[in-house]
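So this block is target.cif, mmCIF, C-alpha atoms and all ligand atoms:
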data_final
loop_
_atom_site.label_atom_id
_atom_site.label_comp_id
_atom_site.auth_asym_id
_atom_site.auth_seq_id
_atom_site.Cartn_x
_atom_site.Cartn_y
_atom_site.Cartn_z
CA MET A 1 122.61 67.08 63.87
CA LYS A 2 119.49 67.62 61.82
CA LEU A 3 117.46 70.80 62.11
CA ALA A 4 113.85 70.13 63.12
CA TRP A 5 112.89 73.56 61.81
CA PRO A 6 115.23 75.75 59.73
CA VAL A 7 114.21 78.88 61.63
CA GLU A 8 116.86 81.18 63.08
CA ILE A 9 117.09 84.18 65.36
CA ALA A 10 117.87 87.33 63.38
CA GLY A 11 118.02 89.69 66.35
CA THR A 12 117.02 90.08 69.99
CA GLY A 13 116.07 92.93 72.30
CA ALA A 14 115.17 93.58 75.92
CA SER A 15 113.69 96.35 77.99
CA VAL A 16 113.30 96.76 81.74
CA PRO A 17 112.13 99.76 83.77
CA ASP A 18 114.77 102.06 85.24
CA LYS A 19 113.25 101.98 88.71
CA VAL A 20 115.00 99.52 91.04
CA LEU A 21 113.30 97.97 94.08
CA THR A 22 115.86 96.38 96.38
CA ASN A 23 115.35 93.76 99.07
CA GLU A 24 116.12 96.48 101.63
CA ASP A 25 113.29 98.58 100.18
CA LEU A 26 110.92 95.62 100.61
CA ALA A 27 112.11 94.99 104.15
CA LYS A 28 110.92 98.48 105.07
CA ARG A 29 107.35 97.55 104.02
CA ILE A 30 106.93 93.89 104.98
CA ASP A 31 108.37 91.42 107.48
CA THR A 32 111.34 90.11 105.47
CA SER A 33 115.09 90.64 105.08
CA ASP A 34 117.70 90.87 102.35
CA GLU A 35 119.35 87.77 103.82
CA TRP A 36 116.15 85.66 103.65
CA ILE A 37 115.34 86.70 100.09
CA VAL A 38 118.89 86.19 98.77
CA GLN A 39 119.26 82.83 100.48
CA ARG A 40 115.85 81.46 99.40
CA THR A 41 115.66 82.95 95.90
CA GLY A 42 118.94 84.56 94.79
CA ILE A 43 117.10 87.84 94.13
CA ARG A 44 118.79 91.08 95.25
CA GLU A 45 116.69 93.61 93.39
CA ARG A 46 114.05 93.83 90.69
CA ARG A 47 112.91 96.48 88.19
CA ILE A 48 109.41 97.86 88.62
CA ALA A 49 107.23 99.91 86.30
CA GLU A 50 106.60 103.54 87.15
CA PRO A 51 103.32 105.37 86.55
CA GLY A 52 102.72 105.63 82.81
CA GLN A 53 104.66 102.44 82.04
CA SER A 54 102.90 99.19 81.21
CA THR A 55 103.44 95.94 79.33
CA LEU A 56 103.23 97.63 75.91
CA THR A 57 105.97 100.09 76.95
CA PHE A 58 108.48 97.30 77.48
CA CYS A 59 107.27 95.14 74.57
CA THR A 60 107.64 98.08 72.16
CA ALA A 61 111.14 99.01 73.33
CA ALA A 62 112.37 95.39 73.28
CA SER A 63 110.87 94.85 69.80
CA ARG A 64 112.48 98.00 68.38
CA GLN A 65 115.85 96.84 69.65
CA ALA A 66 115.35 93.35 68.19
CA LEU A 67 114.43 94.86 64.82
CA GLU A 68 117.49 97.09 64.93
CA ARG A 69 119.80 94.17 65.80
CA ALA A 70 118.23 92.17 62.95
CA GLY A 71 118.65 95.10 60.55
CA MET A 72 114.97 94.88 59.69
CA THR A 73 112.04 97.27 59.52
CA PRO A 74 108.57 96.74 61.08
CA GLU A 75 107.13 96.32 57.57
CA GLU A 76 109.16 93.14 57.13
CA ILE A 77 107.41 91.32 60.01
CA ASP A 78 104.81 88.70 58.93
CA LEU A 79 103.56 87.54 62.35
CA ILE A 80 103.54 88.88 65.93
CA ILE A 81 103.14 86.74 69.04
CA VAL A 82 103.19 88.26 72.52
CA ALA A 83 103.44 86.00 75.55
CA THR A 84 102.05 87.67 78.67
CA ILE A 85 99.91 87.17 81.75
CA THR A 86 99.68 90.93 82.25
CA PRO A 87 98.32 92.19 78.91
CA GLU A 88 98.03 95.90 78.19
CA HIS A 89 94.25 95.44 78.25
CA THR A 90 92.12 92.34 78.73
CA LEU A 91 90.87 93.14 75.22
CA PRO A 92 92.30 93.50 72.54
CA ALA A 93 95.45 91.36 72.41
CA THR A 94 98.64 93.19 73.35
CA ALA A 95 100.15 91.81 70.12
CA CYS A 96 97.61 93.88 68.12
CA GLU A 97 98.50 96.98 70.13
CA LEU A 98 102.18 96.24 69.53
CA GLN A 99 101.56 95.89 65.79
CA ALA A 100 100.10 99.41 65.75
CA ALA A 101 102.79 100.86 68.04
CA LEU A 102 105.58 99.54 65.81
CA GLY A 103 103.89 100.43 62.52
CA CYS A 104 103.80 96.87 61.19
CA ARG A 105 101.55 95.78 58.32
CA TRP A 106 98.12 94.18 59.03
CA VAL A 107 99.76 90.86 59.84
CA PRO A 108 98.37 88.28 62.28
CA ALA A 109 99.03 89.29 65.88
CA PHE A 110 97.96 87.30 68.92
CA ASP A 111 98.78 86.72 72.58
CA THR A 112 99.53 83.46 74.35
CA LEU A 113 98.84 82.83 78.00
CA SER A 114 101.28 80.25 79.27
CA ALA A 115 102.92 82.32 82.02
CA CYS A 116 106.64 81.78 82.52
CA SER A 117 106.77 79.20 79.71
CA GLY A 118 105.36 81.86 77.39
CA TYR A 119 108.47 83.02 75.56
CA VAL A 120 109.62 79.48 74.80
CA TRP A 121 106.12 78.44 73.68
CA ALA A 122 105.80 81.54 71.49
CA MET A 123 109.18 80.83 69.84
CA ILE A 124 108.14 77.25 69.09
CA THR A 125 104.74 78.41 67.79
CA ALA A 126 106.23 81.10 65.55
CA ALA A 127 108.70 78.55 64.15
CA GLN A 128 105.77 76.38 62.99
CA TYR A 129 104.31 79.27 60.98
CA ILE A 130 107.65 79.93 59.32
CA ASN A 131 108.40 76.27 58.74
CA SER A 132 104.98 75.71 57.16
CA GLY A 133 105.40 78.68 54.83
CA MET A 134 102.63 80.79 56.37
CA ALA A 135 105.20 83.43 57.38
CA ASN A 136 108.78 84.26 56.50
CA THR A 137 109.48 86.32 59.61
CA ALA A 138 108.03 86.61 63.10
CA LEU A 139 108.35 88.91 66.06
CA VAL A 140 108.15 87.03 69.36
CA VAL A 141 107.90 88.98 72.60
CA GLY A 142 107.53 88.00 76.24
CA GLY A 143 106.46 91.03 78.24
CA GLU A 144 105.10 91.58 81.73
CA THR A 145 104.15 94.15 84.32
CA LEU A 146 103.86 91.58 87.09
CA THR A 147 103.97 94.25 89.76
CA THR A 148 100.35 95.08 88.81
CA ILE A 149 99.16 91.60 89.89
CA THR A 150 101.40 91.38 92.96
CA ASP A 151 99.95 91.47 96.46
CA TRP A 152 102.47 93.71 98.20
CA ASP A 153 101.28 92.45 101.61
CA ASP A 154 102.02 88.79 100.77
CA ARG A 155 105.67 88.31 101.61
CA SER A 156 105.81 84.83 100.10
CA THR A 157 105.15 86.18 96.58
CA CYS A 158 105.85 89.93 96.44
CA ILE A 159 109.59 89.41 96.86
CA LEU A 160 109.74 87.39 93.65
CA PHE A 161 108.45 89.50 90.78
CA GLY A 162 109.70 92.20 88.43
CA ASP A 163 108.74 93.85 85.13
CA GLY A 164 110.20 93.95 81.61
CA ALA A 165 110.20 92.37 78.16
CA GLY A 166 112.41 90.26 75.90
CA ALA A 167 111.97 90.06 72.12
CA ALA A 168 113.33 88.07 69.18
CA ILE A 169 112.96 88.24 65.42
CA LEU A 170 112.72 84.83 63.79
CA ARG A 171 113.21 84.14 60.09
CA ARG A 172 113.79 81.23 57.78
CA SER A 173 117.36 80.04 58.22
CA THR A 174 119.58 81.53 55.55
CA ASP A 175 122.58 79.22 55.91
CA GLY A 176 120.88 75.89 56.63
CA GLN A 177 123.12 75.57 59.69
CA SER A 178 121.38 77.70 62.29
CA GLY A 179 117.92 76.78 63.45
CA MET A 180 115.89 74.76 65.90
CA LEU A 181 116.93 71.20 66.69
CA ALA A 182 114.34 70.00 69.19
CA ALA A 183 111.60 71.25 71.49
CA ARG A 184 109.28 70.03 74.20
CA MET A 185 106.00 71.52 75.41
CA GLY A 186 103.61 70.23 78.05
CA ALA A 187 100.87 71.22 80.46
CA ASP A 188 99.16 69.75 83.51
CA GLY A 189 95.90 71.63 83.98
CA ALA A 190 94.96 69.55 87.01
CA ARG A 191 97.57 71.54 88.93
CA GLY A 192 96.33 74.87 87.57
CA LEU A 193 95.40 76.31 90.94
CA HIS A 194 98.99 76.03 92.15
CA ILE A 195 99.52 79.47 90.57
CA TYR A 196 96.45 81.51 89.71
CA ILE A 197 94.53 84.75 89.95
CA PRO A 198 91.14 84.04 91.55
CA ALA A 199 89.05 86.86 90.02
CA GLY A 200 88.78 88.99 86.91
CA GLY A 201 87.77 86.12 84.61
CA SER A 202 84.30 84.81 83.72
CA LYS A 203 84.07 82.67 86.86
CA GLU A 204 84.52 85.66 89.20
CA PRO A 205 84.08 88.89 87.28
CA ALA A 206 85.59 91.99 88.84
CA CYS A 207 83.39 93.73 91.40
CA LEU A 208 83.86 95.75 94.55
CA ARG A 209 83.98 92.61 96.66
CA THR A 210 86.69 90.92 94.56
CA VAL A 211 88.79 94.07 94.73
CA ASN A 212 88.30 94.41 98.49
CA GLU A 213 89.21 90.74 99.00
CA LYS A 214 92.36 91.16 96.84
CA LEU A 215 91.27 88.44 94.44
CA HIS A 216 93.01 90.08 91.46
CA TYR A 217 96.47 89.27 92.70
CA MET A 218 98.56 86.19 91.95
CA ARG A 219 98.38 83.35 94.46
CA MET A 220 100.90 80.57 94.57
CA GLN A 221 101.64 77.38 96.45
CA GLY A 222 105.36 78.03 96.48
CA ARG A 223 106.60 74.69 97.82
CA GLU A 224 104.50 72.63 95.38
CA VAL A 225 105.67 74.76 92.45
CA TYR A 226 109.26 74.47 93.61
CA LYS A 227 109.21 70.65 93.58
CA PHE A 228 107.46 70.53 90.21
CA ALA A 229 109.92 73.03 88.76
CA VAL A 230 113.09 71.21 89.73
CA SER A 231 111.99 67.80 88.47
CA THR A 232 110.41 69.12 85.26
CA MET A 233 113.32 71.36 84.27
CA ARG A 234 115.79 68.64 84.97
CA SER A 235 113.99 66.03 82.87
CA ILE A 236 113.16 68.23 79.86
CA LEU A 237 116.76 69.43 79.64
CA SER A 238 117.93 65.84 79.16
CA GLU A 239 114.98 64.79 76.99
CA THR A 240 115.39 67.72 74.60
CA ALA A 241 119.10 67.05 74.16
CA ASP A 242 118.29 63.35 73.57
CA ASP A 243 115.64 64.26 70.99
CA ALA A 244 118.28 66.20 69.04
CA GLY A 245 120.87 63.44 69.43
CA VAL A 246 123.29 65.70 71.32
CA SER A 247 124.79 65.60 74.79
CA LEU A 248 124.12 68.37 77.30
CA ASP A 249 127.95 68.67 77.38
CA ASP A 250 127.70 70.06 73.84
CA VAL A 251 125.34 72.86 74.88
CA ALA A 252 127.23 76.16 75.20
CA LEU A 253 124.61 77.88 77.34
CA VAL A 254 121.35 77.02 79.07
CA VAL A 255 119.02 80.01 79.37
CA PRO A 256 116.45 79.02 81.99
CA HIS A 257 113.38 80.88 83.19
CA GLN A 258 114.57 82.98 86.14
CA SER A 259 112.20 81.68 88.81
CA ASN A 260 114.46 81.09 91.76
CA ALA A 261 118.24 80.61 91.79
CA ARG A 262 117.85 77.49 93.91
CA ILE A 263 115.46 75.91 91.39
CA ILE A 264 117.84 76.69 88.52
CA GLU A 265 120.93 75.45 90.38
CA SER A 266 119.26 72.28 91.56
CA ALA A 267 117.71 71.36 88.18
CA THR A 268 120.82 72.07 86.11
CA GLN A 269 123.15 70.39 88.58
CA LYS A 270 120.99 67.24 88.55
CA ALA A 271 121.02 67.33 84.73
CA GLY A 272 124.82 67.62 84.81
CA VAL A 273 125.19 71.16 83.45
CA PRO A 274 127.94 73.16 85.23
CA PRO A 275 127.03 76.64 86.59
CA GLU A 276 129.30 78.48 84.15
CA ARG A 277 127.08 77.23 81.30
CA VAL A 278 123.85 78.42 82.90
CA LEU A 279 122.65 82.01 82.48
CA MET A 280 121.57 83.60 85.74
CA ASN A 281 120.39 87.20 86.10
CA ILE A 282 117.65 86.74 88.70
CA ASP A 283 119.72 88.72 91.20
CA ARG A 284 119.01 91.89 89.15
CA TYR A 285 115.52 91.32 87.73
CA GLY A 286 113.69 88.77 89.90
CA ASN A 287 111.10 86.62 88.16
CA THR A 288 109.70 88.46 85.11
CA SER A 289 107.57 85.47 83.97
CA ALA A 290 107.19 85.38 80.16
CA ALA A 291 109.89 88.04 79.76
CA SER A 292 112.68 86.26 81.59
CA VAL A 293 114.02 83.85 78.97
CA GLY A 294 113.92 86.58 76.32
CA ILE A 295 115.80 89.03 78.53
CA GLY A 296 118.35 86.33 79.37
CA LEU A 297 118.87 85.32 75.74
CA HIS A 298 119.37 88.95 74.73
CA GLU A 299 121.94 89.46 77.48
CA ALA A 300 123.78 86.32 76.38
CA TYR A 301 124.11 87.74 72.84
CA GLU A 302 125.05 91.22 74.00
CA GLU A 303 127.67 89.98 76.45
CA GLY A 304 129.23 87.68 73.86
CA ARG A 305 128.45 84.58 75.92
CA ILE A 306 127.18 82.83 72.78
CA LYS A 307 128.46 82.92 69.20
CA GLY A 308 127.46 81.57 65.80
CA GLY A 309 127.38 77.76 65.70
CA ASP A 310 126.76 77.37 69.45
CA LEU A 311 124.02 75.18 70.84
CA VAL A 312 121.75 77.12 73.19
CA MET A 313 118.99 75.58 75.29
CA LEU A 314 115.99 77.60 76.44
CA VAL A 315 113.98 76.03 79.26
CA ALA A 316 111.02 77.24 81.31
CA PHE A 317 108.05 76.25 83.46
CA GLY A 318 105.16 78.21 84.89
CA ALA A 319 101.49 78.58 85.70
CA GLY A 320 99.14 76.18 83.97
CA LEU A 321 101.12 74.27 85.02
CA THR A 322 103.16 74.46 81.83
CA TRP A 323 106.68 73.69 80.70
CA GLY A 324 108.76 74.04 77.55
CA SER A 325 112.25 73.74 76.13
CA LEU A 326 113.90 74.65 72.84
CA LEU A 327 117.34 73.69 71.59
CA LEU A 328 118.78 76.14 69.08
CA ARG A 329 121.90 76.27 66.98
CA ILE A 330 122.50 80.00 66.66
N1 LIG A 401 110.68 86.71 104.30
C1 LIG A 401 110.85 86.02 105.41
N2 LIG A 401 110.21 84.88 105.68
C2 LIG A 401 109.37 84.41 104.74
C3 LIG A 401 109.15 85.07 103.52
C4 LIG A 401 109.85 86.27 103.32
N3 LIG A 401 109.70 87.00 102.19
N4 LIG A 401 108.28 84.37 102.81
C5 LIG A 401 107.94 83.29 103.51
N5 LIG A 401 108.61 83.31 104.71
C6 LIG A 401 108.56 82.33 105.78
C7 LIG A 401 107.26 81.55 105.78
O1 LIG A 401 106.25 82.24 106.50
C8 LIG A 401 107.70 80.28 106.48
O2 LIG A 401 107.74 80.51 107.86
P1 LIG A 401 107.28 79.35 108.91
O3 LIG A 401 108.24 78.22 108.65
O4 LIG A 401 107.42 80.03 110.22
O5 LIG A 401 105.88 79.01 108.51
C9 LIG A 401 109.14 80.08 106.01
O6 LIG A 401 109.59 81.38 105.56
C10 LIG A 401 109.28 79.10 104.89
O7 LIG A 401 108.31 79.41 103.90
P2 LIG A 401 108.22 78.62 102.54
O8 LIG A 401 107.09 79.17 101.73
O9 LIG A 401 108.19 77.15 102.83
O10 LIG A 401 109.63 79.00 101.89
P3 LIG A 401 110.35 78.37 100.67
O11 LIG A 401 111.71 77.97 101.04
O12 LIG A 401 109.50 77.36 99.94
O13 LIG A 401 110.53 79.63 99.70
C11 LIG A 401 109.57 80.50 97.70
C12 LIG A 401 109.39 80.29 99.21
C13 LIG A 401 110.76 81.39 97.50
C14 LIG A 401 108.32 81.19 97.17
C15 LIG A 401 109.78 79.13 97.01
O14 LIG A 401 108.81 78.22 97.43
C16 LIG A 401 109.74 79.24 95.50
O15 LIG A 401 110.57 79.86 94.89
N6 LIG A 401 108.78 78.54 94.88
C17 LIG A 401 108.68 78.54 93.42
C18 LIG A 401 108.09 79.82 92.94
C19 LIG A 401 108.15 79.89 91.43
O16 LIG A 401 109.13 79.58 90.83
N7 LIG A 401 107.09 80.29 90.80
C20 LIG A 401 107.18 80.37 89.34
C21 LIG A 401 105.97 80.56 88.74
S1 LIG A 401 105.40 82.21 88.87
C22 LIG A 401 104.45 82.39 87.48
O17 LIG A 401 104.17 81.48 86.78
C23 LIG A 401 104.05 83.76 87.13
#
Kindly present the structure from the file in C-alpha cells form.
Ligand code: ACO
Amino acid sequence: MKLAWPVEIAGTGASVPDKVLTNEDLAKRIDTSDEWIVQRTGIRERRIAEPGQSTLTFCTAASRQALERAGMTPEEIDLIIVATITPEHTLPATACELQAALGCRWVPAFDTLSACSGYVWAMITAAQYINSGMANTALVVGGETLTTITDWDDRSTCILFGDGAGAAILRRSTDGQSGMLAARMGADGARGLHIYIPAGGSKEPACLRTVNEKLHYMRMQGREVYKFAVSTMRSILSETADDAGVSLDDVALVVPHQSNARIIESATQKAGVPPERVLMNIDRYGNTSAASVGIGLHEAYEEGRIKGGDLVMLVAFGAGLTWGSLLLRI
C-alpha cells in the first residue's frame, strides 16, 4: 500500500448545539410523525442552533478541540479551509473569521462551497497544499447552521437538517505509515437544481419579494437525489479502494455523509460493507451537510472505533451535484 499523500490527521474535534429538536417536536408543527421520519430517514432528533449561535460558534469550538487533541496551538496552523453552505456572513469567508477567532497567524483562509461533500473535498484540498510544500499543517472544518436555510413549513426537507461542525488538523505524516491512500472527487453541474437555494445570489438578489416567496430556503428533489446518492456512494466506495489496491474488506470503518440511513445502508450493502463497519449517527444529528463526516470521524476516534494503522474511508455526496471519497490510513 503506497501513500498517495503523506498527510495525516493530528487531531479532530466536533461541536453541536445543546438544543435538541425531536421528531415529536416537529410533529406538533407540521403534518408528520416520528414513525414516518424514522422509517424514511433514520433520524430521531437533531441539534439546532439557539439565538446567538451561528456557524462560527460551532467551527470555533470544533477547531479548539481538534487543536487540543493534536497538542498544537493556533500559531502552528499554516492554512485554514472551511466547508460550508451557511457561512457566518456572505462576505468575508468564514475561514477568515475563524482565523481571527482562534488567534491564528495571517495564514491563507478560504471557504469551499460543495455542500455535503465539503469536508471530504476540503481534506483532499488541504492535503495538496501540504504535499506540495506550501503548508506544513492545515485546519479543515465543515460547519453549518442549516436550520437558517430550512423552510419549516416544507415537511419533505425540514425533517432532515441539523446544525454543528467537525474539524481536523492535518500535518505532514511523521511516520511515513499514516496518510492518504486514494481519493475521488466529482461534480455534475447539470443536476445543480436538484438541491438549491433560489435567491440571495447575483441571479436573484435578496429583496422583499424573494423573502415573502421564501426563496432563501433550500429546495430539493428528494427522490432524484436519493437515487443519485445510492449509486454514486456505492461506486466511489469500490473505485477508491481499487485505486489504493485494497479490498473494502480491509477497511476498518466507513464514515459516510449522514444524509439518510436508507441511503447509507443501501449504498454500503451494495458495495459489500457490513453495517458494523459503517458509522451511523444520523439518528442523533440528522443531516448536518458539510459538518457530518467531520463529526462522524471525531466520534469514531473518541469512541475508540478506529486505532492507529486502520484504514478509514470517508465518503460523501451533496448539492452541486458533488461527490467525494478519501481513503486514509490513520
Ligand atoms: N411526513 C410525512 N409524510 C411526508 C413527509 C413527512 N415529513 N415528507 C413527505 N411526505 C409524504 C409525501 O407528501 C408523499 O406523499 P404522497 O405519496 O401522498 O404524495 C410521500 O410522503 C412520499 O414522499 P417522497 O418525497 O417520495 O418520500 P421519500 O421516500 O423519497 O423520502 C426523503 C423523502 C426523505 C427526502 C428522501 O427522498 C431523501 O432522503 N432524499 C435524499 C435527500 C438527501 O440526502 N439530500 C442530501 C443533500 S442535502 C444538501 O446537500 C445540503
Counting all atoms listed in the file, the residue among A:Arg209, A:Arg223, A:Lys270, A:Lys214 that lies closest to A:Leu237 is A:Lys270
Enumerate residues in contact with ligand LIG 401 (chain A): an atom-to-atom distance of at most 7 Å, counting only C-alpha atoms and all ligand atoms. Format the result as a PDB file with C-alpha atoms, in the coordinates of the input.
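The resulting result_28.pdb:
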ATOM      1  CA  ASP A  31     108.370  91.420 107.480  1.00  0.00           C
ATOM      2  CA  THR A  32     111.340  90.110 105.470  1.00  0.00           C
ATOM      3  CA  SER A  33     115.090  90.640 105.080  1.00  0.00           C
ATOM      4  CA  TRP A  36     116.150  85.660 103.650  1.00  0.00           C
ATOM      5  CA  ILE A  37     115.340  86.700 100.090  1.00  0.00           C
ATOM      6  CA  ARG A  40     115.850  81.460  99.400  1.00  0.00           C
ATOM      7  CA  THR A  41     115.660  82.950  95.900  1.00  0.00           C
ATOM      8  CA  ALA A 115     102.920  82.320  82.020  1.00  0.00           C
ATOM      9  CA  CYS A 116     106.640  81.780  82.520  1.00  0.00           C
ATOM     10  CA  ARG A 155     105.670  88.310 101.610  1.00  0.00           C
ATOM     11  CA  SER A 156     105.810  84.830 100.100  1.00  0.00           C
ATOM     12  CA  THR A 157     105.150  86.180  96.580  1.00  0.00           C
ATOM     13  CA  ILE A 159     109.590  89.410  96.860  1.00  0.00           C
ATOM     14  CA  ILE A 195      99.520  79.470  90.570  1.00  0.00           C
ATOM     15  CA  GLY A 222     105.360  78.030  96.480  1.00  0.00           C
ATOM     16  CA  ARG A 223     106.600  74.690  97.820  1.00  0.00           C
ATOM     17  CA  VAL A 225     105.670  74.760  92.450  1.00  0.00           C
ATOM     18  CA  TYR A 226     109.260  74.470  93.610  1.00  0.00           C
ATOM     19  CA  ALA A 229     109.920  73.030  88.760  1.00  0.00           C
ATOM     20  CA  SER A 259     112.200  81.680  88.810  1.00  0.00           C
ATOM     21  CA  ASN A 260     114.460  81.090  91.760  1.00  0.00           C
ATOM     22  CA  SER A 289     107.570  85.470  83.970  1.00  0.00           C
ATOM     23  CA  GLY A 318     105.160  78.210  84.890  1.00  0.00           C
ATOM     24  CA  ALA A 319     101.490  78.580  85.700  1.00  0.00           C
TER      25      ALA A 319
END
* Mind pulling up the distance from atom CA of A:Glu45 to atom CA of A:Ala66? ->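 Between atom CA of A:Ala66 and atom CA of A:Glu45 the gap is 25.2 Å.
Distances here use all atoms listed in the file; by that measure, the residue among A:Leu102, A:Tyr285, A:Lys227, A:Pro205 closest to A:Ala61 is A:Leu102.
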Query raised in the report: Once you count only C-alpha atoms, which residues end up no further than 10 Å from (117.7, 86.0, 76.2) in the file's frame, shown as a ChimeraX atom specification?
Result: /A:12-14,119,166-168,255-257,279,291-302,314
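The smallest atom-to-atom distance between A:Gln258 and any of A:Ile77, A:Ala27, A:Ile43, A:Ala183, using all atoms listed in the file, is found for A:Ile43.
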Pairwise distance, atom CA of A:Gly42 with atom CA of A:Asn281, equals 9.2 Å
